[in-house]
Each structure stands twice: as structure tokens, then as C-alpha cells.
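**Q** File follows, entry.pdb with PDB, C-alpha atoms and all ligand atoms:
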```
ATOM      1  CA  MET A1296       7.388 -16.163  -2.148
ATOM      2  CA  THR A1297       5.179 -13.733  -0.229
ATOM      3  CA  ALA A1298       5.310 -10.228  -1.584
ATOM      4  CA  GLU A1299       6.702  -7.601   0.757
ATOM      5  CA  ILE A1300       4.692  -4.956  -1.007
ATOM      6  CA  SER A1301       1.815  -5.459  -3.356
ATOM      7  CA  ILE A1302       0.290  -2.499  -5.133
ATOM      8  CA  LEU A1303      -2.804  -3.319  -7.126
ATOM      9  CA  HIS A1304      -4.468  -0.942  -9.575
ATOM     10  CA  VAL A1305      -3.654   2.035  -7.402
ATOM     11  CA  GLY A1306      -4.661   5.533  -8.431
ATOM     12  CA  LYS A1307      -4.283   8.914  -6.821
ATOM     13  CA  THR A1308      -6.141  12.082  -7.701
ATOM     14  CA  TYR A1309      -5.308  15.291  -5.872
ATOM     15  CA  THR A1310      -8.146  17.714  -5.359
ATOM     16  CA  THR A1311      -7.121  21.277  -6.087
ATOM     17  CA  PRO A1312      -9.114  24.512  -6.437
ATOM     18  CA  GLN A1313      -8.659  24.144 -10.214
ATOM     19  CA  GLY A1314     -10.087  20.621 -10.191
ATOM     20  CA  GLY A1315      -8.714  17.092  -9.855
ATOM     21  CA  VAL A1316      -5.073  16.321 -10.691
ATOM     22  CA  VAL A1317      -4.611  12.683 -11.607
ATOM     23  CA  ALA A1318      -1.121  11.937 -10.285
ATOM     24  CA  LEU A1319      -1.164   8.143 -10.543
ATOM     25  CA  ASP A1320      -3.329   5.920 -12.671
ATOM     26  CA  ASP A1321      -3.654   2.165 -12.306
ATOM     27  CA  ILE A1322      -0.276   1.365 -10.781
ATOM     28  CA  SER A1323       0.397  -2.318 -10.138
ATOM     29  CA  LEU A1324       3.674  -3.475  -8.657
ATOM     30  CA  VAL A1325       4.741  -6.474  -6.616
ATOM     31  CA  VAL A1326       7.980  -6.239  -4.654
ATOM     32  CA  PRO A1327       9.474  -9.390  -3.105
ATOM     33  CA  PRO A1328      11.189  -9.186   0.302
ATOM     34  CA  GLY A1329      14.793  -8.050   0.143
ATOM     35  CA  GLU A1330      14.530  -6.540  -3.313
ATOM     36  CA  PHE A1331      16.226  -3.277  -4.186
ATOM     37  CA  LEU A1332      13.758  -1.729  -6.608
ATOM     38  CA  CYS A1333      14.615   1.538  -8.322
ATOM     39  CA  ILE A1334      11.957   3.765  -9.840
ATOM     40  CA  VAL A1335      12.714   6.304 -12.554
ATOM     41  CA  GLY A1336      10.357   8.611 -14.408
ATOM     42  CA  PRO A1337      10.043  12.215 -15.524
ATOM     43  CA  SER A1338       9.625  14.870 -12.907
ATOM     44  CA  GLY A1339       5.983  15.280 -11.847
ATOM     45  CA  CYS A1340       4.968  11.727 -12.800
ATOM     46  CA  GLY A1341       3.976  10.787  -9.265
ATOM     47  CA  LYS A1342       7.061   9.044  -7.873
ATOM     48  CA  SER A1343       7.031  10.893  -4.555
ATOM     49  CA  THR A1344       3.280  10.445  -4.351
ATOM     50  CA  LEU A1345       3.725   6.678  -4.639
ATOM     51  CA  LEU A1346       6.361   6.622  -1.904
ATOM     52  CA  ARG A1347       4.285   8.805   0.399
ATOM     53  CA  MET A1348       1.385   6.394   0.024
ATOM     54  CA  LEU A1349       3.618   3.478   0.966
ATOM     55  CA  ALA A1350       4.863   5.438   3.977
ATOM     56  CA  GLY A1351       1.249   5.918   5.027
ATOM     57  CA  ILE A1352       1.495   9.718   4.935
ATOM     58  CA  SER A1353      -0.758  10.053   1.909
ATOM     59  CA  SER A1354      -3.824   8.070   0.902
ATOM     60  CA  HIS A1355      -4.647   6.465  -2.429
ATOM     61  CA  THR A1356      -7.938   7.166  -4.130
ATOM     62  CA  SER A1357      -8.390   3.767  -5.762
ATOM     63  CA  GLY A1358      -6.912   0.293  -5.735
ATOM     64  CA  GLU A1359      -5.171  -1.566  -2.975
ATOM     65  CA  ILE A1360      -1.822  -1.435  -1.201
ATOM     66  CA  ASN A1361      -0.760  -4.369   0.940
ATOM     67  CA  CYS A1362       2.433  -4.762   2.902
ATOM     68  CA  ARG A1363       3.479  -7.978   4.596
ATOM     69  CA  ALA A1364       2.593  -8.040   8.278
ATOM     70  CA  VAL A1365       5.435  -6.921  10.493
ATOM     71  CA  ASP A1366       6.691  -9.107  13.320
ATOM     72  CA  GLU A1367       5.624  -8.917  16.941
ATOM     73  CA  ARG A1368       8.500  -6.630  17.937
ATOM     74  CA  GLN A1369       6.382  -3.884  16.437
ATOM     75  CA  ARG A1370       9.063  -2.642  14.162
ATOM     76  CA  PRO A1371       7.840   0.137  11.988
ATOM     77  CA  LEU A1372       6.845  -0.976   8.547
ATOM     78  CA  THR A1373       8.640   1.739   6.648
ATOM     79  CA  ALA A1374      11.239   4.449   7.122
ATOM     80  CA  MET A1375      11.819   7.221   4.657
ATOM     81  CA  VAL A1376      14.929   9.087   3.510
ATOM     82  CA  PHE A1377      14.435  12.297   1.521
ATOM     83  CA  GLN A1378      16.684  14.500  -0.546
ATOM     84  CA  GLU A1379      16.384  17.242   2.099
ATOM     85  CA  TYR A1380      17.790  15.094   4.946
ATOM     86  CA  GLY A1381      15.045  16.241   7.373
ATOM     87  CA  LEU A1382      17.349  16.342  10.383
ATOM     88  CA  PHE A1383      16.414  18.248  13.529
ATOM     89  CA  PRO A1384      18.923  21.113  13.698
ATOM     90  CA  TRP A1385      18.649  21.438  17.489
ATOM     91  CA  ARG A1386      19.522  17.805  18.106
ATOM     92  CA  THR A1387      22.996  16.283  18.022
ATOM     93  CA  VAL A1388      23.766  13.652  15.402
ATOM     94  CA  LEU A1389      23.310  10.898  17.985
ATOM     95  CA  ASP A1390      20.004  12.357  19.189
ATOM     96  CA  ASN A1391      18.796  12.577  15.593
ATOM     97  CA  VAL A1392      19.561   8.909  15.003
ATOM     98  CA  MET A1393      17.855   7.967  18.280
ATOM     99  CA  PHE A1394      14.670   9.854  17.445
ATOM    100  CA  GLY A1395      12.585   6.954  16.131
ATOM    101  CA  LEU A1396      13.722   4.705  18.969
ATOM    102  CA  GLU A1397      12.679   7.371  21.431
ATOM    103  CA  MET A1398       9.233   7.503  19.817
ATOM    104  CA  ARG A1399       8.965   3.760  20.352
ATOM    105  CA  ASN A1400      10.017   4.066  23.998
ATOM    106  CA  VAL A1401      13.160   1.983  23.622
ATOM    107  CA  ALA A1402      15.198   2.297  26.855
ATOM    108  CA  ARG A1403      17.826   5.056  26.725
ATOM    109  CA  ARG A1404      20.803   2.778  27.145
ATOM    110  CA  GLU A1405      19.641   0.512  24.340
ATOM    111  CA  ARG A1406      18.876   3.511  22.150
ATOM    112  CA  ILE A1407      22.405   4.785  22.503
ATOM    113  CA  VAL A1408      23.933   1.416  21.651
ATOM    114  CA  ILE A1409      21.761   1.011  18.548
ATOM    115  CA  ALA A1410      22.296   4.582  17.364
ATOM    116  CA  GLN A1411      26.053   4.380  17.841
ATOM    117  CA  ASP A1412      26.117   1.122  15.942
ATOM    118  CA  TYR A1413      24.379   2.668  12.923
ATOM    119  CA  LEU A1414      26.519   5.789  13.094
ATOM    120  CA  ALA A1415      29.565   3.535  12.929
ATOM    121  CA  LYS A1416      28.054   1.726   9.936
ATOM    122  CA  VAL A1417      27.770   4.992   8.018
ATOM    123  CA  GLY A1418      31.257   6.062   9.135
ATOM    124  CA  LEU A1419      30.194   8.823  11.496
ATOM    125  CA  ALA A1420      31.040   7.394  14.923
ATOM    126  CA  GLN A1421      33.285  10.399  15.583
ATOM    127  CA  PHE A1422      30.486  12.874  14.943
ATOM    128  CA  ALA A1423      27.903  11.660  17.456
ATOM    129  CA  ARG A1424      28.027  14.913  19.389
ATOM    130  CA  ALA A1425      28.128  17.249  16.405
ATOM    131  CA  TYR A1426      25.104  19.226  15.233
ATOM    132  CA  PRO A1427      23.737  18.969  11.669
ATOM    133  CA  HIS A1428      25.005  22.448  10.687
ATOM    134  CA  GLN A1429      28.555  21.289  11.354
ATOM    135  CA  LEU A1430      28.276  18.523   8.748
ATOM    136  CA  SER A1431      28.660  18.427   4.960
ATOM    137  CA  GLY A1432      25.712  17.414   2.759
ATOM    138  CA  GLY A1433      27.038  13.868   2.381
ATOM    139  CA  MET A1434      27.465  13.518   6.137
ATOM    140  CA  LYS A1435      23.949  14.816   6.789
ATOM    141  CA  GLN A1436      22.558  12.258   4.391
ATOM    142  CA  ARG A1437      24.505   9.534   6.201
ATOM    143  CA  VAL A1438      22.869  10.630   9.443
ATOM    144  CA  ALA A1439      19.454  10.467   7.759
ATOM    145  CA  ILE A1440      20.201   6.935   6.533
ATOM    146  CA  ALA A1441      21.448   5.862   9.980
ATOM    147  CA  ARG A1442      18.280   7.323  11.514
ATOM    148  CA  ALA A1443      16.059   5.395   9.110
ATOM    149  CA  LEU A1444      17.948   2.114   9.606
ATOM    150  CA  ALA A1445      18.136   2.448  13.406
ATOM    151  CA  ASN A1446      14.373   1.943  13.432
ATOM    152  CA  ASP A1447      14.880  -1.423  11.775
ATOM    153  CA  PRO A1448      12.020  -0.909   9.322
ATOM    154  CA  ALA A1449      10.884  -3.736   7.079
ATOM    155  CA  ILE A1450      10.959  -1.421   4.083
ATOM    156  CA  LEU A1451      13.273   1.477   3.349
ATOM    157  CA  LEU A1452      11.764   4.185   1.160
ATOM    158  CA  MET A1453      14.271   6.547  -0.443
ATOM    159  CA  ASP A1454      13.202   9.585  -2.457
ATOM    160  CA  GLU A1455      16.118  10.952  -4.505
ATOM    161  CA  PRO A1456      18.309  10.760  -1.408
ATOM    162  CA  PHE A1457      21.582  11.654  -3.116
ATOM    163  CA  ALA A1458      20.268  14.162  -5.653
ATOM    164  CA  ALA A1459      21.668  17.180  -3.794
ATOM    165  CA  LEU A1460      25.171  15.749  -3.451
ATOM    166  CA  ASP A1461      28.111  16.370  -5.756
ATOM    167  CA  ALA A1462      29.009  13.532  -8.117
ATOM    168  CA  GLN A1463      31.977  12.175  -6.156
ATOM    169  CA  THR A1464      30.077  12.146  -2.877
ATOM    170  CA  ARG A1465      27.114  10.551  -4.620
ATOM    171  CA  TYR A1466      29.262   7.699  -5.940
ATOM    172  CA  LEU A1467      30.717   7.156  -2.494
ATOM    173  CA  MET A1468      27.286   7.150  -0.900
ATOM    174  CA  GLN A1469      25.957   4.683  -3.466
ATOM    175  CA  GLU A1470      28.690   2.209  -2.612
ATOM    176  CA  GLU A1471      28.162   2.754   1.082
ATOM    177  CA  LEU A1472      24.415   2.244   0.798
ATOM    178  CA  LEU A1473      24.968  -1.004  -1.131
ATOM    179  CA  ARG A1474      27.443  -2.228   1.473
ATOM    180  CA  ILE A1475      24.965  -1.574   4.304
ATOM    181  CA  TRP A1476      22.059  -3.037   2.316
ATOM    182  CA  GLU A1477      23.975  -6.193   1.457
ATOM    183  CA  ALA A1478      24.473  -6.878   5.168
ATOM    184  CA  ASP A1479      20.761  -7.280   5.916
ATOM    185  CA  ARG A1480      18.946  -6.991   2.582
ATOM    186  CA  LYS A1481      15.988  -4.892   3.544
ATOM    187  CA  THR A1482      13.396  -4.247   0.914
ATOM    188  CA  VAL A1483      14.286  -0.898  -0.651
ATOM    189  CA  LEU A1484      12.222   1.330  -2.924
ATOM    190  CA  TYR A1485      14.556   3.907  -4.342
ATOM    191  CA  ILE A1486      13.509   6.846  -6.480
ATOM    192  CA  THR A1487      16.095   8.592  -8.557
ATOM    193  CA  HIS A1488      16.217  10.860 -11.595
ATOM    194  CA  SER A1489      19.555   9.317 -12.544
ATOM    195  CA  LEU A1490      19.154   6.233 -14.664
ATOM    196  CA  GLU A1491      22.804   5.322 -14.085
ATOM    197  CA  GLU A1492      22.222   5.388 -10.366
ATOM    198  CA  ALA A1493      19.170   3.157 -10.776
ATOM    199  CA  VAL A1494      21.134   0.590 -12.799
ATOM    200  CA  MET A1495      24.059   0.760 -10.373
ATOM    201  CA  LEU A1496      21.872   0.045  -7.341
ATOM    202  CA  GLY A1497      18.782  -1.878  -8.361
ATOM    203  CA  ASP A1498      17.763  -5.515  -8.722
ATOM    204  CA  ARG A1499      15.087  -4.115 -11.026
ATOM    205  CA  VAL A1500      14.394  -0.708 -12.513
ATOM    206  CA  ALA A1501      10.796   0.397 -13.032
ATOM    207  CA  VAL A1502      10.183   3.122 -15.606
ATOM    208  CA  MET A1503       7.140   5.311 -15.027
ATOM    209  CA  THR A1504       5.212   7.203 -17.689
ATOM    210  CA  ALA A1505       4.644  10.957 -17.775
ATOM    211  CA  ARG A1506       1.688  12.061 -15.654
ATOM    212  CA  PRO A1507      -0.646  10.371 -14.937
ATOM    213  CA  GLY A1508       2.043   8.010 -13.736
ATOM    214  CA  ARG A1509       1.825   4.349 -14.639
ATOM    215  CA  ILE A1510       4.435   1.627 -14.604
ATOM    216  CA  LYS A1511       5.603   1.551 -18.198
ATOM    217  CA  GLN A1512       8.152  -1.223 -18.035
ATOM    218  CA  ILE A1513      10.225  -3.093 -15.466
ATOM    219  CA  TYR A1514      13.788  -4.112 -16.310
ATOM    220  CA  PRO A1515      15.666  -6.796 -14.371
ATOM    221  CA  ILE A1516      19.262  -5.711 -13.685
ATOM    222  CA  ASP A1517      21.244  -8.909 -13.712
ATOM    223  CA  LEU A1518      24.607  -7.325 -12.978
ATOM    224  CA  PRO A1519      26.703  -9.184 -10.407
ATOM    225  CA  ARG A1520      26.927  -8.058  -6.780
ATOM    226  CA  PRO A1521      28.666  -6.650  -4.877
ATOM    227  CA  ARG A1522      28.601  -3.705  -7.245
ATOM    228  CA  THR A1523      31.175  -0.973  -7.279
ATOM    229  CA  GLN A1524      31.679   2.126  -9.403
ATOM    230  CA  ALA A1525      34.032   0.128 -11.631
ATOM    231  CA  LEU A1526      30.866  -1.307 -13.137
ATOM    232  CA  ARG A1527      30.206   2.000 -14.887
ATOM    233  CA  THR A1528      32.793   1.211 -17.528
ATOM    234  CA  SER A1529      31.445  -2.268 -18.299
ATOM    235  CA  VAL A1530      29.623  -3.012 -21.536
ATOM    236  CA  ALA A1531      26.717  -4.732 -19.758
ATOM    237  CA  PHE A1532      26.113  -1.690 -17.543
ATOM    238  CA  ASN A1533      26.151   0.733 -20.433
ATOM    239  CA  GLN A1534      23.933  -1.449 -22.574
ATOM    240  CA  LEU A1535      21.312  -1.565 -19.829
ATOM    241  CA  VAL A1536      21.461   2.200 -19.386
ATOM    242  CA  ALA A1537      21.096   2.752 -23.135
ATOM    243  CA  THR A1538      18.158   0.332 -23.464
ATOM    244  CA  ILE A1539      16.210   1.750 -20.541
ATOM    245  CA  TRP A1540      16.982   5.314 -21.610
ATOM    246  CA  GLU A1541      15.203   4.763 -24.914
ATOM    247  CA  ASP A1542      12.076   3.988 -22.962
ATOM    248  CA  LEU A1543      12.530   6.780 -20.448
ATOM    249  CA  VAL A1544      13.333   9.568 -22.895
ATOM    250  CA  GLU A1545       9.888   9.288 -24.509
ATOM    251  CA  GLU A1546       8.314   9.974 -21.139
ATOM    252  CA  VAL A1547      10.709  12.801 -20.345
ATOM    253  CA  ASN A1548       9.748  14.437 -23.641
ATOM    254  CA  ALA A1549       6.049  13.877 -23.009
ATOM    255  CA  ALA A1550       6.329  15.422 -19.540
ATOM    256  CA  GLN A1551       8.215  18.410 -20.954
ATOM    257  CA  LEU A1552       5.480  18.939 -23.514
ATOM    258  CA  GLN A1553       2.803  18.766 -20.801
ATOM    259  CA  GLU A1554       4.639  21.451 -18.870
ATOM    260  CA  TRP A1555       4.996  23.737 -21.889
ATOM    261  CA  THR A1556       1.383  23.231 -22.873
ATOM    262  CA  ALA A1557       0.272  24.269 -19.391
ATOM    263  CA  ILE A1558       2.460  27.398 -19.506
ATOM    264  CA  ALA A1559       1.371  28.289 -23.037
ATOM    265  CA  GLU A1560      -2.297  27.869 -22.152
ATOM    266  CA  GLN A1561      -1.862  30.051 -19.117
ATOM    267  CA  LYS A1562      -0.235  32.752 -21.209
ATOM    268  CA  GLY A1563      -2.391  32.219 -24.279
ATOM    269  CA  ARG A1564       0.717  31.726 -26.407
ATOM    270  CA  THR A1565       0.341  28.574 -28.452
ATOM    271  CA  GLY A1566       2.674  29.916 -31.159
ATOM    272  CA  TRP A1567       5.479  30.020 -28.632
ATOM    273  CA  LEU A1568       4.665  26.423 -27.722
ATOM    274  CA  ASN A1569       5.077  25.254 -31.315
ATOM    275  CA  SER A1570       8.459  26.929 -31.625
ATOM    276  CA  GLN A1571       9.616  25.332 -28.358
ATOM    277  CA  GLN A1572       8.494  21.941 -29.571
ATOM    278  CA  ARG A1573      10.416  22.323 -32.804
ATOM    279  CA  LYS A1574      13.574  23.451 -31.034
ATOM    280  CA  THR A1575      13.800  20.868 -28.336
ATOM    281  CA  ARG A1576      13.911  17.183 -28.256
ATOM    282  CA  VAL A1577      15.711  16.191 -25.104
ATOM    283  CA  LYS A1578      19.270  15.275 -25.981
ATOM    284  CA  VAL A1579      20.516  11.877 -24.868
ATOM    285  CA  SER A1580      21.919  12.306 -21.418
ATOM    286  CA  THR A1581      21.505   9.939 -18.543
ATOM    287  CA  ASP A1582      22.606  11.795 -15.439
TER
HETATM  288  N1  LIG A1601      -0.478  18.026  -2.499
HETATM  289  C1  LIG A1601      -0.680  18.114  -3.816
HETATM  290  N2  LIG A1601      -1.771  18.742  -4.314
HETATM  291  C2  LIG A1601      -1.997  18.816  -5.637
HETATM  292  N3  LIG A1601      -1.199  18.273  -6.572
HETATM  293  C3  LIG A1601      -0.105  17.629  -6.136
HETATM  294  C4  LIG A1601       0.227  17.513  -4.743
HETATM  295  N4  LIG A1601       1.379  16.815  -4.621
HETATM  296  C5  LIG A1601       1.768  16.506  -5.877
HETATM  297  N5  LIG A1601       0.889  16.999  -6.788
HETATM  298  C6  LIG A1601       0.949  16.850  -8.255
HETATM  299  O1  LIG A1601       0.969  15.459  -8.533
HETATM  300  C7  LIG A1601       1.896  15.170  -9.565
HETATM  301  C8  LIG A1601       2.929  14.191  -9.068
HETATM  302  O2  LIG A1601       3.746  14.803  -8.086
HETATM  303  P1  LIG A1601       4.977  14.056  -7.411
HETATM  304  O3  LIG A1601       4.516  12.776  -6.822
HETATM  305  O4  LIG A1601       5.656  15.016  -6.507
HETATM  306  O5  LIG A1601       5.907  13.755  -8.690
HETATM  307  P2  LIG A1601       7.453  13.335  -8.798
HETATM  308  O6  LIG A1601       7.920  12.968  -7.437
HETATM  309  O7  LIG A1601       7.457  12.212  -9.770
HETATM  310  O8  LIG A1601       8.170  14.521  -9.347
HETATM  311  C9  LIG A1601       2.474  16.518  -9.994
HETATM  312  O9  LIG A1601       1.767  16.972 -11.113
HETATM  313  C10 LIG A1601       2.244  17.407  -8.801
HETATM  314  O10 LIG A1601       2.103  18.740  -9.200
HETATM  315 MG    MG A1602       9.516  13.728  -6.284
END
```
Kindly present the structure from the file in C-alpha cells form.
**A**
Amino acid sequence: MTAEISILHVGKTYTTPQGGVVALDDISLVVPPGEFLCIVGPSGCGKSTLLRMLAGISSHTSGEINCRAVDERQRPLTAMVFQEYGLFPWRTVLDNVMFGLEMRNVARRERIVIAQDYLAKVGLAQFARAYPHQLSGGMKQRVAIARALANDPAILLMDEPFAALDAQTRYLMQEELLRIWEADRKTVLYITHSLEEAVMLGDRVAVMTARPGRIKQIYPIDLPRPRTQALRTSVAFNQLVATIWEDLVEEVNAAQLQEWTAIAEQKGRTGWLNSQQRKTRVKVSTD
């Protein structure tokens, strides 16, 4: 099968006044069409950097990124959904969802039909004329998802989209996202700091190392679909979470140590660093 996305030996070094920051080092990843791939890794390991490169809003400094050619309708290759929603506050919900279609000069009547259709899919048909400030966090994120999908991208890139939501809303949104995804199976790259969320959603879960980010291991998630929150209580689900966590926690600890070392060096307090190291090994927690 042709790969939807193929990332080969990709590296990224940021240039800063203090020198180069190696964010990603030798990342290789092949994603087949229609796969829901989740990526987990400690904070600062380069997850957002990787997604931004795939979205074409950041460049890589080495290696190769190839995405399958898009069809002649000139659909955009990717659409991105962030934690911060990124809605235009001066536009109504409907106008927000129509934004990408407008940019592509889709006729107004068609734009409205498409946007209304996606608003209905995310359960917000009644709120077409509302403004973002009138919506809850969960509703805003639904608008952001509808806006991304209305563009009919080949690849959906999601960067911790539900991280700011409360647990109940997050669970609801996960199920809703799966329901929408199962209807047309777009290729999804989904970054999350919640391992449980990754196992709940993904066909595979990729674990990244502490910075410089590399792919440490990729786990197939062979849990049946459609998936619902009931899965959380199953043995298979919990076993997968526990296995992957063992791998992830090493990287979380390594990243924490990197952060402390940087602070201690800045402050010239290596004694403090040693005491911190002794005190803290990250306790097992997955959410
Ligand atoms: N524009 C930038 N300039 C310099 N360093 C950056 C920039 N963006 C990110 N970084 C650094 O690159 C590393 C990876 O960042 P990021 O991709 O945001 O990580 P993650 O999303 O995994 O938390 C971090 O150390 C971060 O400080
Ligand atoms: Mg990030």
C-alpha cells in the first residue's frame, strides 16, 4: 500500500541566540492512508515541531518528508487542530467553519451547505449564528474540528486538541471524533500527553524519546472498533496502557532531568539538582 506520509531520517535544529537547539533527530515514520496514529512523548520532545513540519508551516533541516499526491480537486493536504481552538472571535461559528472554503474560492452557496453539514456532524447545527465567546471550551473545539474537516484535507493533524477540556467533555469528544473519523477514515496524526487517550483512539501509538526527539517504539493497538469509553475498564486496554507507560516513563524522567539540569546550570546550583533528583522519580500516572 502507498504510504500517505513518509518521514525519512528527518531532523530539525532551531537556531537561537544561544546556539542550535536540536528538537528532532533522525525521525523515520511511515503512515498508511486512513490510519489513526497517536504520538506520545515528554513535553519538549518535538511533537509539535513534527506536526508543524507536516503542515508545511515549519521546515526540516535534514531528511525527507513525502506525502501522497492529492487529487485534482486541489483539496488541501493537511488541516490542523490545536489545543487553543484558533477560532476567529469576530466571525460567527458558521463563518469560522467556512473560512478554508472561502480561501479556496468555493461558491458561497456550496460553502454554506458544506459548513452546515459539518456543524451538524459535530452536533452544533443550532449554533451556526453564535460567536465563539458564547460557546464552552468543548463547543469551541467542535467548531475547530468542523472547520478542519470542512476543508476535506487528506490528513488531519491534531496537536493535543482536547488537553484544555475537563475529563467528561474530553471523553465525549473522543467518542465523537472516533464516530466522525470512522465515517470517512482520514489519515490522522494525533498528539496527546495522555497515554490513555492515545490507546483509546489510535491504530498505533508512537512513543517519542526526550529531546532530541526520536521515535522510540511503535505499538499496534489491536483493540476492536468502534471504541467507546467502556473500553477503559477492559483488561486488554489497561495492559496496553501499562506496557507503553513503562517505555514512556523513562523518557518523561529523562526530560524532567534535562529541564532541572538547565535550571540548575543557569542558577549555578548543582547541589539543588542532586536533591531534586533524589526526591523525584515520576510516580506512575497515565493521565
Ligand atoms: N521556534 C523555536 N525556536 C527555538 N526553539 C524552539 C522553537 N520551537 C520549539 N523549540 C524547542 O524545540 C523543542 C521541541 O519543542 P516542541 O516541538 O514544541 O515540543 P513538544 O510539542 O513535544 O512539547 C523544545 O525544546 C522547544 O523549546
Ligand atoms: Mg507541543
**Q** Do a neighbour search on stretch 1373-1376 of chain A at 9 Å with only C-alpha atoms, toss out local chain neighbours closer than 6 positions, and write the hits as a VMD selection string.
**A** chain A and resid 1346 to 1347 1349 to 1351 1436 1439 to 1440 1442 to 1444 1446 to 1456
**Q** Suppose a student applies the PyMOL selection byres (((chain A and resi 1497-1501) around 9) and not hetatm) to this structure; what residues should they get, written as a ChimeraX atom specification?
**A** /A:1330-1336,1483,1485,1490,1492-1496,1502-1503,1510-1518,1539
**Q** Between A:Ile1407, A:Val1317, A:Val1392, A:Val1536, which is the closest to A:Cys1340 once you count all atoms listed in the file?
**A**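 Checking each candidate against A:Cys1340, we get A:Val1317 as the closest.
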**Q** For the structure provided, state which residues fall under the PyMOL selection byres (((not hetatm)) within 7 of (chain A and resi 1602)), and present them as a ChimeraX atom specification.
**A** /A:1338-1339,1341-1343,1454
**Q** Restricting the calculation to all atoms listed in the file, which member of A:His1355, A:Arg1465, A:Arg1363, A:Arg1403 is positioned closest to ligand LIG 1601 (chain A)?
**A** A:His1355
**Q** Residues picked by the PyMOL selection byres (((chain A and resi 1323) around 12) and not hetatm) here, as a list of chain:residue names?
**A** A:Ile1300, A:Ser1301, A:Ile1302, A:Leu1303, A:His1304, A:Val1305, A:Gly1306, A:Leu1319, A:Asp1320, A:Asp1321, A:Ile1322, A:Leu1324, A:Val1325, A:Val1326, A:Leu1345, A:Ser1357, A:Gly1358, A:Glu1359, A:Ile1360, A:Asn1361, A:Ala1501, A:Met1503, A:Gly1508, A:Arg1509, A:Ile1510, A:Lys1511, A:Gln1512, A:Ile1513
**Q** Smallest atom-to-atom distance to ligand LIG 1601 (chain A): which of A:Arg1520, A:Lys1307, A:Arg1399, A:Arg1480, using all atoms listed in the file?
**A**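 Comparing A:Arg1520, A:Lys1307, A:Arg1399, A:Arg1480 against ligand LIG 1601 (chain A), the winner is A:Lys1307.
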